[in-house]
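Student: Sharing a structure below in structure tokens format, with a few things to ask.
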Amino acid sequence: MTSEIGTRRRIHPAWIVAAVAFLALVGAAGFRAAPSVLMVPLQEEFGWPRSMLSLAVGVNLVLFGLTAPFAAALMDRFGIRAVTSTALVVVAAGSALSVFVTQAWQLVLTWGVMIGLGTGSMALVFAAVVANRWFVSRRGLVSGILTAGSATGQLIFLPLIAQLVDKSGWRAASFLIAGGSLIVVPFVLRWLRNMPADIGVTPYGAPADYLPPAPVSGVNPARAAVQALRDASRVRTFWALVLGFAICGATTNGLIGTHFIPSAHDHGMHETTAAGLLAVVGIFDIVGTIGSGWLTDRVDPRYLLAAYYGFRGVSLLFLPWLLSATIQPSIVIFVVIYGLDWVATVPPTIALCREVFGDRGSLVFGWVFASHQIGAGIASVVAGVVRDATGAYTMAWFGAAGLCAVAAVVSIRTGKRGKPS
């Protein structure tokens, strides 16, 4: 077989595609780190309440999730490269335009709508599509590596954003995020390929008798996404995954991702110091997510999910007593545990979608991921309201711990086969 990459390969092209996909996820992850750092400066400059700023983040998180299943269908219809490069440009535009806001609704438009749609067009569904299309073996490991791309972006951008906000203001940080998204676009256009067959190869680890799936043509992406939801909604396992992943989103992006730095600031800690702690979460997230992918290839995903949610719940239960004006060993332990657990849930969830729904697993995971972001959006707004009403986040942390216990029980009882509901 011949291809533009060459006939003699030491590295399978699937790994090149995975590397570029990882880079794209890093580039789009800048805004994932931004709201918690920018929230206090925006509140101080414009006087907007914490709940209003949380609303902009909430809109972003919900659109981030609701766009995902349609993005998976768009990738089937128009290709990974076209959707991904367009999404990165939209993220950059939304971040750059946010520097001109003077009213709260403008922040909802840029932070919420534009960046929500852009990041949602990639999201973790992007990782699932790449893993399912380009890999037959090592799918769990690749899912973990690509999922860790978001954590790596957080690790790279968060300290820089915090330093820029401290020295040059939040607008400089917004331009940094825009630049981080744009710089990845040429790599995507050059190296990200849609299907192995496009360059005359089979997926990594494919057997000798492997037959590629029939190409998708003339299929309306919205109809394909809705059809996948309709069929999946008849299976009990789908609803178990939806509930568990909604709680996952609420307790990561919705609470810690959005409100950890403002909460630490409430306890007297400087935003830059708190941002450093959140960056450490990103470091251990990389280790935890890749490790989770490795385990997913070897251990029943249901047991993994139950363990992850259980550890997360215990961590949140103790968080109100761990935050203080200075870094103590106890908060470092929390950061390590939470980092290892942050999105370790993704590889086993993708594996269960693939197990139950087969080749439509990526589309179904898009809807499961939508529940993740809906949960995150609701939790982001609720936590902001709790903070405005009580002056602290304590009840939000306790409520999240209880939700994690529910997710652990639901995960362990998830059926091994799809059963009509």
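For the structure tokens, the naming scheme is as follows: chains receive sequential letters (A, B, ...) according to their order of presentation, residues are indexed from 1 within each chain, and ligands are indexed from 1 in presentation order.
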Do you have, as a Markdown table, the list of residues of segment 31-143 of chain A lying at most 12 Å from segment 242-253 of chain A, each with its nearest atom pair and that distance in Å to one decimal, counting only C-alpha atoms and ordered by chain then number?
Tutor:
| residue | atom | partner | partner_atom | distance |
| --- | --- | --- | --- | --- |
| A:Phe31 | CA | A:Asn253 | CA | 11.6 |
| A:Arg32 | CA | A:Asn253 | CA | 8.1 |
| A:Ala33 | CA | A:Asn253 | CA | 9.5 |
| A:Ala34 | CA | A:Asn253 | CA | 11.5 |
| A:Pro35 | CA | A:Asn253 | CA | 10.3 |
| A:Ser36 | CA | A:Asn253 | CA | 10.0 |
| A:Ser54 | CA | A:Asn253 | CA | 11.7 |
| A:Val57 | CA | A:Asn253 | CA | 9.7 |
| A:Gly58 | CA | A:Asn253 | CA | 9.8 |
| A:Asn60 | CA | A:Asn253 | CA | 10.8 |
| A:Leu61 | CA | A:Asn253 | CA | 8.0 |
| A:Val62 | CA | A:Gly249 | CA | 10.3 |
| A:Phe64 | CA | A:Asn253 | CA | 11.2 |
| A:Gly65 | CA | A:Gly249 | CA | 9.8 |
Student: Do you know which residues are at most 8 Å from segment 266-271 of chain A counting only C-alpha atoms, after dropping those on the same chain fewer than 2 positions away, and could you put them as a list of chain:residue names?
Tutor: A:Val37, A:Ala162, A:Ile261, A:Pro262, A:Ser263, A:Ala264, A:Thr273, A:Ala274, A:Ala275, A:Leu323, A:Ser324, A:Ala325, A:Thr326, A:Ala392
Student: Please, which residues in segment 292-374 of chain A fall within 8 Å of segment 123-139 of chain A when counting only C-alpha atoms, and what is the closest atom pair and distance in Å to one decimal for each, ordered by chain then residue number, as a Markdown table?
Tutor:
| residue | atom | partner | partner_atom | distance |
| --- | --- | --- | --- | --- |
| A:Gly293 | CA | A:Arg139 | CA | 8.0 |
| A:Asp297 | CA | A:Arg138 | CA | 7.3 |
| A:Ile350 | CA | A:Ala128 | CA | 6.7 |
| A:Ser362 | CA | A:Ala128 | CA | 5.7 |
| A:Leu363 | CA | A:Val125 | CA | 7.9 |
| A:Phe365 | CA | A:Val125 | CA | 6.7 |
| A:Gly366 | CA | A:Val125 | CA | 5.6 |
| A:Phe369 | CA | A:Val125 | CA | 7.4 |
Student: Might you pull out every residue within 12 Å of Ala240 of chain A, with only C-alpha atoms counted and same-chain residues fewer than 2 positions away left off, and present them as a VMD selection string?
Tutor: chain A and resid 232 to 238 242 to 247 302 305 349 352 to 353 368 371 406 to 416 418 to 419 421
Student: With distances taken over only C-alpha atoms, which of A:Ser85, A:Ser315, A:Thr289, A:Asn194 is nearest to Thr152 of chain A?
Tutor: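 Comparing A:Ser85, A:Ser315, A:Thr289, A:Asn194 against Thr152 of chain A, the winner is A:Thr289.
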Student: Using only C-alpha atoms, which residue out of A:Val364, A:Ile156, A:Ile378, A:Ala14 lies closest to Ala224 of chain A?
Tutor: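 Closest candidate: A:Val364.
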Student: Using Å and a single decimal, report how far atom CA of Val381 of chain A sits from atom CA of Val108 of chain A.
Tutor: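 Atom CA of Val381 of chain A lies at a distance of 12.9 Å from atom CA of Val108 of chain A.
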Student: Using only C-alpha atoms, pick whichever of A:Ala96, A:Leu74, A:Met52, A:Ile16 has the shortest atom-to-atom distance to Ala222 of chain A.
Tutor: A:Leu74
Student: Between A:Gly116, A:Pro320, A:Gly200, A:Gly257, which is the closest to Leu277 of chain A once you count only C-alpha atoms?
Tutor: A:Gly257
Student: One number please: atom CA of Val83 of chain A to atom CA of Leu189 of chain A, in Å, one decimal.
Tutor: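 Those two atoms sit 10.5 Å apart.
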Student: With only C-alpha atoms as the atoms that count, which of A:Gly384, A:Pro49, A:Gly30, A:Gly94 lies nearest to Leu255 of chain A?
Tutor: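 Of all the options, A:Gly384 lies closest to Leu255 of chain A.
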